[in-house]
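Structure first, commentary second.
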Amino acid sequence: MTVTLTIDGRQATVPKGTLIVEAAKQVGIEIPVFCYHPKLEPVGMCRMCLVTVGTPLVNRATGQSQLDADGLPIIRWFPKPQTACTMSVSEGMVVITDSQEVAADRKAILEFLLTSHPLDCPVCDKGGECPLQDLTYRHGPGVSRFDYDSKHHSAKRYPLGDLIVLDRERCILCARCTRFQSEIAQDPVLAIENRGRDARIVSYSNPVFDSHYSGNTTDICPVGALTSRDFRFHARAWELTNIPSLCNHCGVGCNTVLSTRRGQIARIMPRQNETVNEVWICDKGRFGHHFNSSPYRLTMPLIRRDGELVEASWDDALQHVASRLTSIIEAHGSDSIGGIAGACLPNEDLYLFQKFLREVIGTHNVDHRVGLSATFEDDTVYAVGVGTGTDLGRVGRDTAFLVIGSDLDQEAPILYLRVAGAARHGATLITAGGRPTKLDKQSNHSLRYRYGTATHLLLGMIHVILEANLTGNETVPHRVNGLNELRANVADWAPERVAEITGVPPDEIRAAARAFGEAKNGIVLYGPEGLGWGNGTQGTSWEAGSPLRQAVANLVTLTGFIGRPNNGVIAVLPHANSRGAADLGVVPDRLPGYVPAERPGLNAQEMLGGGVRALLVAGADPLAGVTLADELEFLVVQELFLTQTAQQADVILPAAALAERDGTFTNLERWVQRFDPGLPVPGQARPDWTIIRQLAVLLGADWAYATVGGVLAEMAQAIPLYRGMSYEQLSQPVSLSRRMSHYIYAGMSFQAEMREGMQWPALAEDGSAKLELDWLDPPAPPAEGDGFTLVAPRVLYDGGTLLGQAEILGTRLVQPHIALSSADAAALGVLDGQGLQVSANGQSISLPARVDGLVPQGVVAIPRNLKGAPAESLLGEGRIFSRVKVVKG
């Protein structure tokens, strides 16, 4: 329903409920604001948005507007100006934004704000992009009537947290920062203390400003009160060159801007993309860029001679690699060579990497599943991924979310913000996991299963949905095969039986299943902590993960939550391009586009275990904590740093980082997005795709790719999923209506003007495609016995190679430890910080204890990817759970 009103003589027709401040933007009129932010609840604190408002005088008897002598509605004006950020529009409303009364009020407000505000614009970090500065020039007084000697002084460099500095004299108490932390981040760690001129922003959390999203407060601060430690006093806004880029620290694919100066990144800012990250980024993405300027970057090719790595020219290094590969192929065949590429590499590099191995070398020995990628993979979204046009920021009461086996706040922070925001706007949220997570606070149903039984829980929910006939009538039975077989198999998995296995009460299973099945739209997000136990003692990624993936696919297919926007599956994969690695066939049993390989090759574990004579590694560290197999004769590594794998290499080829090159990533929701180079390449480093191309040419391939855009053009021709994609298409301007629907005010973020990307469609969006309801037996539940269940969750600030180079985040890096419940700590007689010895699979390590109220009794947690890889050493590559023995000592 829409209403029509008049603003400064311009007619506007907008949806009912629109705020005046937003309606004005639709007709090109900007009402000044300080406290208002379109992503936050309006509060009307600063009064800067005051406008004159009138509504038609209504005859109470007839309910019709009264007309004057000219036949026009008689307008009844409010006695005082109203706040445009809190008042909704109504039919026939008349708004005047530039009346004399309004102008006087704005002038007075600015004069009051400036009574004790420091006049330090020439040195303020916000200078040049400061709303207070701009609005003072536009609406403020030329001089102040207040005596300078009565100025109120406050702390100028107050450490609000380890990353954020507060200048209390600049703060205008708009409360954007406190409201962001409470409403958006769900971390209410900031507050306003005291009253009047003594009011100030404080943090009472321990550690102070304890949030993964603190840097966003510097973006939305309308003055220079909040600044980041690594940008403070480093550059002025007009000195910066701003380059559109993407974050490479997780799979969300947040749009960013590299603000560079003199060949260095001065700061990372969010770039608005409403379908991906809205206007937010996490602190890891904001402050984790310092690896680009690390003095430890590799800048020259290195060849091992007489046991030592020595510098060499590119020609010598590449010729050496080509010669050795040729001799190994001649002696042992093509399948004696393999390749492992990291899922942080761009699409073009991954495509050429697998093409090089398959077409130039002649082997399917290619994989990306090492490290974090070894724990979890996904192919369900090819068929039942969320529909194109999905926008998590706009879903509401008609949508249900099921988040299972994933801690979004740690694994994909901005995805957490968007799901939590949907719940705040009325969406039904069901969380299921082996331990509590932050998202549980927003959930309507929170299911706590025993680790390794998530698949059983899903089967119980499917049983209820079939029993209650909550299937999607438009999808079932017209578009699916195997419904009767699935019904027969699920009949044995009633909630009562599932409750005995999972520990989740049957009533809770039924309630969650009904809440999900009765929704109009449904989205499932699942992660590695939902995997099964494999052979009964270990939680593995591929074999144990298959029943979980199939159960997830069956659930959304049965309910009809497929093939349309805001419906389907999102797999919470670990890396920036994990989705692209799966799309492009960087696995031994699938070609690009999820086409099965006729002759599967060796997976990463088989290659590392001695299955190949020569190994090519690009952007991965598979030998971290692993001994080089005796069978491996030749190791080539393309890398940024001298990783543990690179230290064992025969040839090291220095690679360019994301900020130094262009390319594309595919994010968790299948958005293919482009990024541009913003920094010069250090030394003689080269993009990975050019290194692969040059090797292919030396081995006789006719590869004439001149640009990375040329590689994408071939991908668009060869892979149906990527059809129609090009660098030009990925850089298309965002439509005016799209920009205006989510207008972001100056000084908050880089606005959406272009580059929203392109999303490839899932198979279910093809109305003629038949979908299979296959059945896979759930993994055996964990055996009862002595000891503890060890789980290895992922944490945001882990010991990854890139993050370890960001000194500013040093205090946030998680150190190796073992977390356990207070009850278990008491039973073991151990206090926080004391040593515990953990034993499993013939391995034993000692770690300090950390008593954690979020860890269930009988479970111990050692995060993955920490320094020294303690979890991996106990579990082995690609494993999530194990039974372990824990003793004090």
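For the structure tokens, the naming scheme is as follows: chains receive sequential letters (A, B, ...) according to their order of presentation, residues are indexed from 1 within each chain, and ligands are indexed from 1 in presentation order.
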Spatial neighbours of His290 (chain A), 9 Å, only C-alpha atoms, chain gap at least 2 places, as a PyMOL selection string: chain A and resi 265+287-288+292-294+802-803+805-808
Take the residues that were just selected and, keeping N, CA, C and O atoms, output them as a CSV table (one decimal), in the first residue's frame.
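Ended up saving to part-v6.csv:
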chain,number,residue,atom,x,y,z
A,265,ILE,N,48.2,0.3,2.0
A,265,ILE,CA,46.8,0.4,2.4
A,265,ILE,C,46.7,1.2,3.7
A,265,ILE,O,47.3,0.8,4.7
A,287,PHE,N,40.9,-5.1,9.8
A,287,PHE,CA,42.3,-4.9,10.4
A,287,PHE,C,43.3,-6.0,9.9
A,287,PHE,O,44.5,-5.9,10.3
A,288,GLY,N,42.8,-7.0,9.2
A,288,GLY,CA,43.6,-8.1,8.9
A,288,GLY,C,44.4,-8.0,7.6
A,288,GLY,O,44.9,-8.9,7.1
A,292,ASN,N,49.8,-7.6,3.7
A,292,ASN,CA,50.2,-7.1,2.4
A,292,ASN,C,51.5,-6.4,2.5
A,292,ASN,O,52.3,-6.5,1.5
A,293,SER,N,51.8,-5.7,3.5
A,293,SER,CA,53.0,-4.9,3.6
A,293,SER,C,54.0,-5.5,4.5
A,293,SER,O,55.0,-4.9,5.0
A,294,SER,N,53.9,-6.8,4.8
A,294,SER,CA,54.8,-7.5,5.7
A,294,SER,C,56.2,-7.6,5.1
A,294,SER,O,56.3,-7.9,3.9
A,802,LEU,N,48.0,-15.4,7.2
A,802,LEU,CA,47.7,-14.0,6.9
A,802,LEU,C,47.4,-13.2,8.2
A,802,LEU,O,48.0,-12.1,8.4
A,803,LEU,N,46.6,-13.7,9.1
A,803,LEU,CA,46.2,-13.0,10.3
A,803,LEU,C,47.4,-12.9,11.2
A,803,LEU,O,47.5,-11.9,12.0
A,805,GLN,N,50.2,-12.0,10.6
A,805,GLN,CA,51.1,-10.8,10.2
A,805,GLN,C,50.5,-9.5,10.6
A,805,GLN,O,51.1,-8.4,10.4
A,806,ALA,N,49.2,-9.5,11.2
A,806,ALA,CA,48.6,-8.3,11.6
A,806,ALA,C,48.8,-8.0,13.1
A,806,ALA,O,48.1,-8.5,13.9
A,807,GLU,N,49.8,-7.3,13.4
A,807,GLU,CA,50.2,-7.1,14.8
A,807,GLU,C,49.1,-6.4,15.6
A,807,GLU,O,48.9,-6.7,16.8
A,808,ILE,N,48.3,-5.6,14.9
A,808,ILE,CA,47.2,-4.9,15.6
A,808,ILE,C,46.2,-5.8,16.2
A,808,ILE,O,45.5,-5.5,17.2
Members of region 711-865 of chain A assigned strand (DSSP E) by DSSP, as a ChimeraX atom specification: /A:758-759,771-772,788-791,818-820,835-840,843-851,859-861
Could you pull the residues within 12 Å of Pro856 (chain A), counting only C-alpha atoms, minus those fewer than 3 positions along the same chain, as a PDB file with N, CA and C atoms, in the first residue's frame?
ATOM      1  N   GLY A 433      22.849 -27.265  17.544  1.00  0.00           N
ATOM      2  CA  GLY A 433      24.290 -27.471  17.636  1.00  0.00           C
ATOM      3  C   GLY A 433      24.649 -28.294  18.842  1.00  0.00           C
ATOM      4  N   GLY A 434      25.912 -28.689  18.895  1.00  0.00           N
ATOM      5  CA  GLY A 434      26.400 -29.454  20.017  1.00  0.00           C
ATOM      6  C   GLY A 434      26.770 -28.602  21.214  1.00  0.00           C
ATOM      7  N   ARG A 435      26.793 -27.285  21.032  1.00  0.00           N
ATOM      8  CA  ARG A 435      27.144 -26.364  22.110  1.00  0.00           C
ATOM      9  C   ARG A 435      26.393 -25.054  21.883  1.00  0.00           C
ATOM     10  N   PRO A 436      26.209 -24.236  22.907  1.00  0.00           N
ATOM     11  CA  PRO A 436      25.554 -22.941  22.716  1.00  0.00           C
ATOM     12  C   PRO A 436      26.407 -22.018  21.838  1.00  0.00           C
ATOM     13  N   THR A 437      25.744 -21.186  21.066  1.00  0.00           N
ATOM     14  CA  THR A 437      26.425 -20.158  20.278  1.00  0.00           C
ATOM     15  C   THR A 437      25.730 -18.825  20.519  1.00  0.00           C
ATOM     16  N   ARG A 448      19.842 -28.684  21.340  1.00  0.00           N
ATOM     17  CA  ARG A 448      21.208 -29.044  21.700  1.00  0.00           C
ATOM     18  C   ARG A 448      21.372 -30.554  21.548  1.00  0.00           C
ATOM     19  N   TYR A 449      22.016 -30.954  20.451  1.00  0.00           N
ATOM     20  CA  TYR A 449      22.191 -32.388  20.219  1.00  0.00           C
ATOM     21  C   TYR A 449      23.572 -32.855  20.661  1.00  0.00           C
ATOM     22  N   ARG A 450      23.704 -34.168  20.840  1.00  0.00           N
ATOM     23  CA  ARG A 450      25.022 -34.736  21.102  1.00  0.00           C
ATOM     24  C   ARG A 450      25.831 -34.689  19.825  1.00  0.00           C
ATOM     25  N   TYR A 451      27.098 -34.340  19.940  1.00  0.00           N
ATOM     26  CA  TYR A 451      27.940 -34.246  18.747  1.00  0.00           C
ATOM     27  C   TYR A 451      27.901 -35.548  17.949  1.00  0.00           C
ATOM     28  N   PHE A 788      36.184 -38.087  27.145  1.00  0.00           N
ATOM     29  CA  PHE A 788      35.451 -36.916  26.710  1.00  0.00           C
ATOM     30  C   PHE A 788      35.307 -36.941  25.184  1.00  0.00           C
ATOM     31  N   THR A 789      34.353 -36.176  24.704  1.00  0.00           N
ATOM     32  CA  THR A 789      34.256 -35.910  23.271  1.00  0.00           C
ATOM     33  C   THR A 789      35.063 -34.660  22.972  1.00  0.00           C
ATOM     34  N   LEU A 790      36.070 -34.789  22.131  1.00  0.00           N
ATOM     35  CA  LEU A 790      36.850 -33.632  21.695  1.00  0.00           C
ATOM     36  C   LEU A 790      36.233 -33.087  20.415  1.00  0.00           C
ATOM     37  N   VAL A 791      35.934 -31.792  20.403  1.00  0.00           N
ATOM     38  CA  VAL A 791      35.438 -31.119  19.202  1.00  0.00           C
ATOM     39  C   VAL A 791      36.415 -30.004  18.866  1.00  0.00           C
ATOM     40  N   ALA A 819      39.175 -26.002  26.186  1.00  0.00           N
ATOM     41  CA  ALA A 819      38.021 -25.450  26.897  1.00  0.00           C
ATOM     42  C   ALA A 819      37.159 -26.589  27.420  1.00  0.00           C
ATOM     43  N   LEU A 820      36.646 -26.415  28.634  1.00  0.00           N
ATOM     44  CA  LEU A 820      35.785 -27.427  29.236  1.00  0.00           C
ATOM     45  C   LEU A 820      34.811 -26.758  30.178  1.00  0.00           C
ATOM     46  N   SER A 821      33.772 -27.488  30.545  1.00  0.00           N
ATOM     47  CA  SER A 821      32.747 -26.929  31.422  1.00  0.00           C
ATOM     48  C   SER A 821      33.267 -26.794  32.844  1.00  0.00           C
ATOM     49  N   SER A 822      32.593 -25.968  33.633  1.00  0.00           N
ATOM     50  CA  SER A 822      33.003 -25.789  35.032  1.00  0.00           C
ATOM     51  C   SER A 822      32.825 -27.083  35.825  1.00  0.00           C
ATOM     52  N   ALA A 823      31.772 -27.870  35.477  1.00  0.00           N
ATOM     53  CA  ALA A 823      31.559 -29.141  36.193  1.00  0.00           C
ATOM     54  C   ALA A 823      32.694 -30.114  35.917  1.00  0.00           C
ATOM     55  N   ASP A 824      33.117 -30.194  34.645  1.00  0.00           N
ATOM     56  CA  ASP A 824      34.220 -31.089  34.310  1.00  0.00           C
ATOM     57  C   ASP A 824      35.535 -30.604  34.904  1.00  0.00           C
ATOM     58  N   ALA A 825      35.718 -29.282  34.934  1.00  0.00           N
ATOM     59  CA  ALA A 825      36.940 -28.739  35.535  1.00  0.00           C
ATOM     60  C   ALA A 825      37.008 -29.086  37.018  1.00  0.00           C
ATOM     61  N   VAL A 851      38.135 -22.619  31.461  1.00  0.00           N
ATOM     62  CA  VAL A 851      36.778 -22.965  31.902  1.00  0.00           C
ATOM     63  C   VAL A 851      35.798 -22.078  31.155  1.00  0.00           C
ATOM     64  N   ASP A 852      34.885 -22.727  30.416  1.00  0.00           N
ATOM     65  CA  ASP A 852      34.004 -22.014  29.494  1.00  0.00           C
ATOM     66  C   ASP A 852      32.571 -22.475  29.716  1.00  0.00           C
ATOM     67  N   GLY A 853      31.703 -21.538  30.059  1.00  0.00           N
ATOM     68  CA  GLY A 853      30.311 -21.865  30.314  1.00  0.00           C
ATOM     69  C   GLY A 853      29.544 -22.305  29.091  1.00  0.00           C
ATOM     70  N   VAL A 859      32.231 -32.676  27.135  1.00  0.00           N
ATOM     71  CA  VAL A 859      32.854 -32.235  25.883  1.00  0.00           C
ATOM     72  C   VAL A 859      34.033 -31.338  26.208  1.00  0.00           C
ATOM     73  N   VAL A 860      35.114 -31.470  25.458  1.00  0.00           N
ATOM     74  CA  VAL A 860      36.225 -30.521  25.519  1.00  0.00           C
ATOM     75  C   VAL A 860      36.442 -29.972  24.117  1.00  0.00           C
ATOM     76  N   ALA A 861      36.884 -28.729  24.044  1.00  0.00           N
ATOM     77  CA  ALA A 861      37.037 -28.065  22.741  1.00  0.00           C
ATOM     78  C   ALA A 861      38.446 -27.510  22.603  1.00  0.00           C
TER      79      ALA A 861
END
Residue neighbourhood region 30-35 of chain A, 6 Å, only C-alpha atoms, exclusion window fewer than 2 positions, as a ChimeraX atom specification: /A:25,46,48-49,174
Shell around Gly142 (chain A) at 12 Å using only C-alpha atoms, local window under 5 positions removed, as a count of residues only: 7
Shell of 12 Å around Asp198 (chain A), only C-alpha atoms, local chain residues under 5 positions omitted, as an MDAnalysis selection string: chainID A and resid 116 152:155 168:169 171:173 192:193
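In this comparison, which uses only C-alpha atoms, the residue of A:Asp676, A:Glu633, A:Asp650, A:Asp125 approaching His320 (chain A) most closely is A:Asp650.
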Within 12 Å of Val395 (chain A) using only C-alpha atoms, minus same-chain residues under 6 positions, as a PyMOL selection string: chain A and resi 275+389+401+418-429+519-523+565-567
Same residues, N, CA, C and O atoms, saved as a PDB file, in the first residue's frame:
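Writing the result to out.pdb gives the following:
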ATOM      1  N   THR A 275      22.944  -7.161  -0.852  1.00  0.00           N
ATOM      2  CA  THR A 275      22.708  -8.601  -0.938  1.00  0.00           C
ATOM      3  C   THR A 275      23.831  -9.428  -0.325  1.00  0.00           C
ATOM      4  O   THR A 275      23.712 -10.649  -0.247  1.00  0.00           O
ATOM      5  N   GLY A 389      18.420 -13.862  -6.242  1.00  0.00           N
ATOM      6  CA  GLY A 389      17.621 -12.755  -5.716  1.00  0.00           C
ATOM      7  C   GLY A 389      17.400 -12.821  -4.226  1.00  0.00           C
ATOM      8  O   GLY A 389      16.761 -11.943  -3.648  1.00  0.00           O
ATOM      9  N   PHE A 401      14.495 -19.798   9.455  1.00  0.00           N
ATOM     10  CA  PHE A 401      15.898 -20.176   9.308  1.00  0.00           C
ATOM     11  C   PHE A 401      16.177 -21.386  10.200  1.00  0.00           C
ATOM     12  O   PHE A 401      15.738 -21.437  11.349  1.00  0.00           O
ATOM     13  N   ARG A 418      23.386 -10.702   9.526  1.00  0.00           N
ATOM     14  CA  ARG A 418      22.215 -10.696   8.649  1.00  0.00           C
ATOM     15  C   ARG A 418      21.141 -11.676   9.135  1.00  0.00           C
ATOM     16  O   ARG A 418      19.948 -11.370   9.082  1.00  0.00           O
ATOM     17  N   VAL A 419      21.546 -12.840   9.615  1.00  0.00           N
ATOM     18  CA  VAL A 419      20.564 -13.797  10.134  1.00  0.00           C
ATOM     19  C   VAL A 419      19.964 -13.276  11.444  1.00  0.00           C
ATOM     20  O   VAL A 419      18.749 -13.346  11.650  1.00  0.00           O
ATOM     21  N   ALA A 420      20.805 -12.732  12.315  1.00  0.00           N
ATOM     22  CA  ALA A 420      20.298 -12.151  13.560  1.00  0.00           C
ATOM     23  C   ALA A 420      19.373 -10.977  13.265  1.00  0.00           C
ATOM     24  O   ALA A 420      18.355 -10.790  13.952  1.00  0.00           O
ATOM     25  N   GLY A 421      19.707 -10.196  12.240  1.00  0.00           N
ATOM     26  CA  GLY A 421      18.840  -9.082  11.854  1.00  0.00           C
ATOM     27  C   GLY A 421      17.496  -9.562  11.341  1.00  0.00           C
ATOM     28  O   GLY A 421      16.454  -8.959  11.633  1.00  0.00           O
ATOM     29  N   ALA A 422      17.494 -10.654  10.574  1.00  0.00           N
ATOM     30  CA  ALA A 422      16.232 -11.213  10.093  1.00  0.00           C
ATOM     31  C   ALA A 422      15.366 -11.668  11.269  1.00  0.00           C
ATOM     32  O   ALA A 422      14.140 -11.466  11.274  1.00  0.00           O
ATOM     33  N   ALA A 423      15.995 -12.281  12.269  1.00  0.00           N
ATOM     34  CA  ALA A 423      15.251 -12.699  13.457  1.00  0.00           C
ATOM     35  C   ALA A 423      14.691 -11.490  14.195  1.00  0.00           C
ATOM     36  O   ALA A 423      13.558 -11.523  14.710  1.00  0.00           O
ATOM     37  N   ARG A 424      15.461 -10.419  14.227  1.00  0.00           N
ATOM     38  CA  ARG A 424      14.991  -9.197  14.881  1.00  0.00           C
ATOM     39  C   ARG A 424      13.776  -8.610  14.174  1.00  0.00           C
ATOM     40  O   ARG A 424      12.912  -7.971  14.788  1.00  0.00           O
ATOM     41  N   HIS A 425      13.679  -8.851  12.868  1.00  0.00           N
ATOM     42  CA  HIS A 425      12.556  -8.337  12.087  1.00  0.00           C
ATOM     43  C   HIS A 425      11.406  -9.335  11.995  1.00  0.00           C
ATOM     44  O   HIS A 425      10.484  -9.133  11.206  1.00  0.00           O
ATOM     45  N   GLY A 426      11.471 -10.410  12.769  1.00  0.00           N
ATOM     46  CA  GLY A 426      10.330 -11.300  12.872  1.00  0.00           C
ATOM     47  C   GLY A 426      10.486 -12.671  12.277  1.00  0.00           C
ATOM     48  O   GLY A 426       9.575 -13.505  12.394  1.00  0.00           O
ATOM     49  N   ALA A 427      11.587 -12.959  11.605  1.00  0.00           N
ATOM     50  CA  ALA A 427      11.786 -14.295  11.037  1.00  0.00           C
ATOM     51  C   ALA A 427      11.904 -15.328  12.158  1.00  0.00           C
ATOM     52  O   ALA A 427      12.403 -15.037  13.247  1.00  0.00           O
ATOM     53  N   THR A 428      11.439 -16.538  11.880  1.00  0.00           N
ATOM     54  CA  THR A 428      11.579 -17.637  12.834  1.00  0.00           C
ATOM     55  C   THR A 428      12.986 -18.203  12.733  1.00  0.00           C
ATOM     56  O   THR A 428      13.464 -18.495  11.632  1.00  0.00           O
ATOM     57  N   LEU A 429      13.666 -18.343  13.847  1.00  0.00           N
ATOM     58  CA  LEU A 429      15.045 -18.822  13.861  1.00  0.00           C
ATOM     59  C   LEU A 429      15.148 -20.069  14.723  1.00  0.00           C
ATOM     60  O   LEU A 429      14.770 -20.064  15.901  1.00  0.00           O
ATOM     61  N   ALA A 519       6.314 -22.409   7.696  1.00  0.00           N
ATOM     62  CA  ALA A 519       6.717 -21.106   7.166  1.00  0.00           C
ATOM     63  C   ALA A 519       6.450 -21.038   5.660  1.00  0.00           C
ATOM     64  O   ALA A 519       6.350 -22.057   4.978  1.00  0.00           O
ATOM     65  N   LYS A 520       6.347 -19.817   5.158  1.00  0.00           N
ATOM     66  CA  LYS A 520       6.177 -19.616   3.717  1.00  0.00           C
ATOM     67  C   LYS A 520       7.492 -19.801   2.982  1.00  0.00           C
ATOM     68  O   LYS A 520       7.524 -20.302   1.851  1.00  0.00           O
ATOM     69  N   ASN A 521       8.579 -19.386   3.607  1.00  0.00           N
ATOM     70  CA  ASN A 521       9.926 -19.518   3.040  1.00  0.00           C
ATOM     71  C   ASN A 521      10.831 -20.164   4.076  1.00  0.00           C
ATOM     72  O   ASN A 521      10.640 -19.974   5.284  1.00  0.00           O
ATOM     73  N   GLY A 522      11.841 -20.894   3.597  1.00  0.00           N
ATOM     74  CA  GLY A 522      12.760 -21.544   4.522  1.00  0.00           C
ATOM     75  C   GLY A 522      14.178 -21.575   3.991  1.00  0.00           C
ATOM     76  O   GLY A 522      14.404 -21.816   2.799  1.00  0.00           O
ATOM     77  N   ILE A 523      15.130 -21.319   4.890  1.00  0.00           N
ATOM     78  CA  ILE A 523      16.551 -21.332   4.539  1.00  0.00           C
ATOM     79  C   ILE A 523      17.289 -22.160   5.576  1.00  0.00           C
ATOM     80  O   ILE A 523      17.084 -21.989   6.786  1.00  0.00           O
ATOM     81  N   PRO A 565      13.541 -17.054  -4.567  1.00  0.00           N
ATOM     82  CA  PRO A 565      14.308 -16.209  -3.639  1.00  0.00           C
ATOM     83  C   PRO A 565      13.936 -16.475  -2.186  1.00  0.00           C
ATOM     84  O   PRO A 565      12.801 -16.814  -1.854  1.00  0.00           O
ATOM     85  N   ASN A 566      14.943 -16.345  -1.333  1.00  0.00           N
ATOM     86  CA  ASN A 566      14.784 -16.507   0.110  1.00  0.00           C
ATOM     87  C   ASN A 566      14.372 -17.920   0.502  1.00  0.00           C
ATOM     88  O   ASN A 566      13.700 -18.129   1.517  1.00  0.00           O
ATOM     89  N   ASN A 567      14.790 -18.894  -0.303  1.00  0.00           N
ATOM     90  CA  ASN A 567      14.565 -20.304  -0.009  1.00  0.00           C
ATOM     91  C   ASN A 567      15.780 -21.102  -0.462  1.00  0.00           C
ATOM     92  O   ASN A 567      16.365 -20.796  -1.504  1.00  0.00           O
TER      93      ASN A 567
END
Alpha helix (DSSP H) call set, DSSP backbone run, region 681-726 of chain A, as a count of residues only: 22
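Closest approach to Arg358 (chain A) among A:Gly609, A:Gly663, A:Gly338, A:Pro301: A:Gly338, based on only C-alpha atoms.
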Length of the CA of Ile430 (chain A) to CA of His575 (chain A) vector [Å]: 24.8 Å
d(CA of Val636 (chain A), CA of Ala581 (chain A)) in Å: 20.1 Å
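Picture a line from CA of Asp120 (chain A) to CA of Leu132 (chain A); it runs 12.3 Å.
If only C-alpha atoms are the atoms counted, then among A:Met715, A:Ala468, A:Val89, A:Cys247 the closest residue to Met269 (chain A) is A:Cys247.
Comparing A:Leu635, A:Ile719, A:Val626, A:Val27 by their smallest distance to Leu325 (chain A), the closest is A:Leu635 (using only C-alpha atoms).
Comparing A:Ala488, A:Ile692, A:Cys282, A:Ala235 by their smallest distance to Ser259 (chain A), the closest is A:Ala235 (using only C-alpha atoms).
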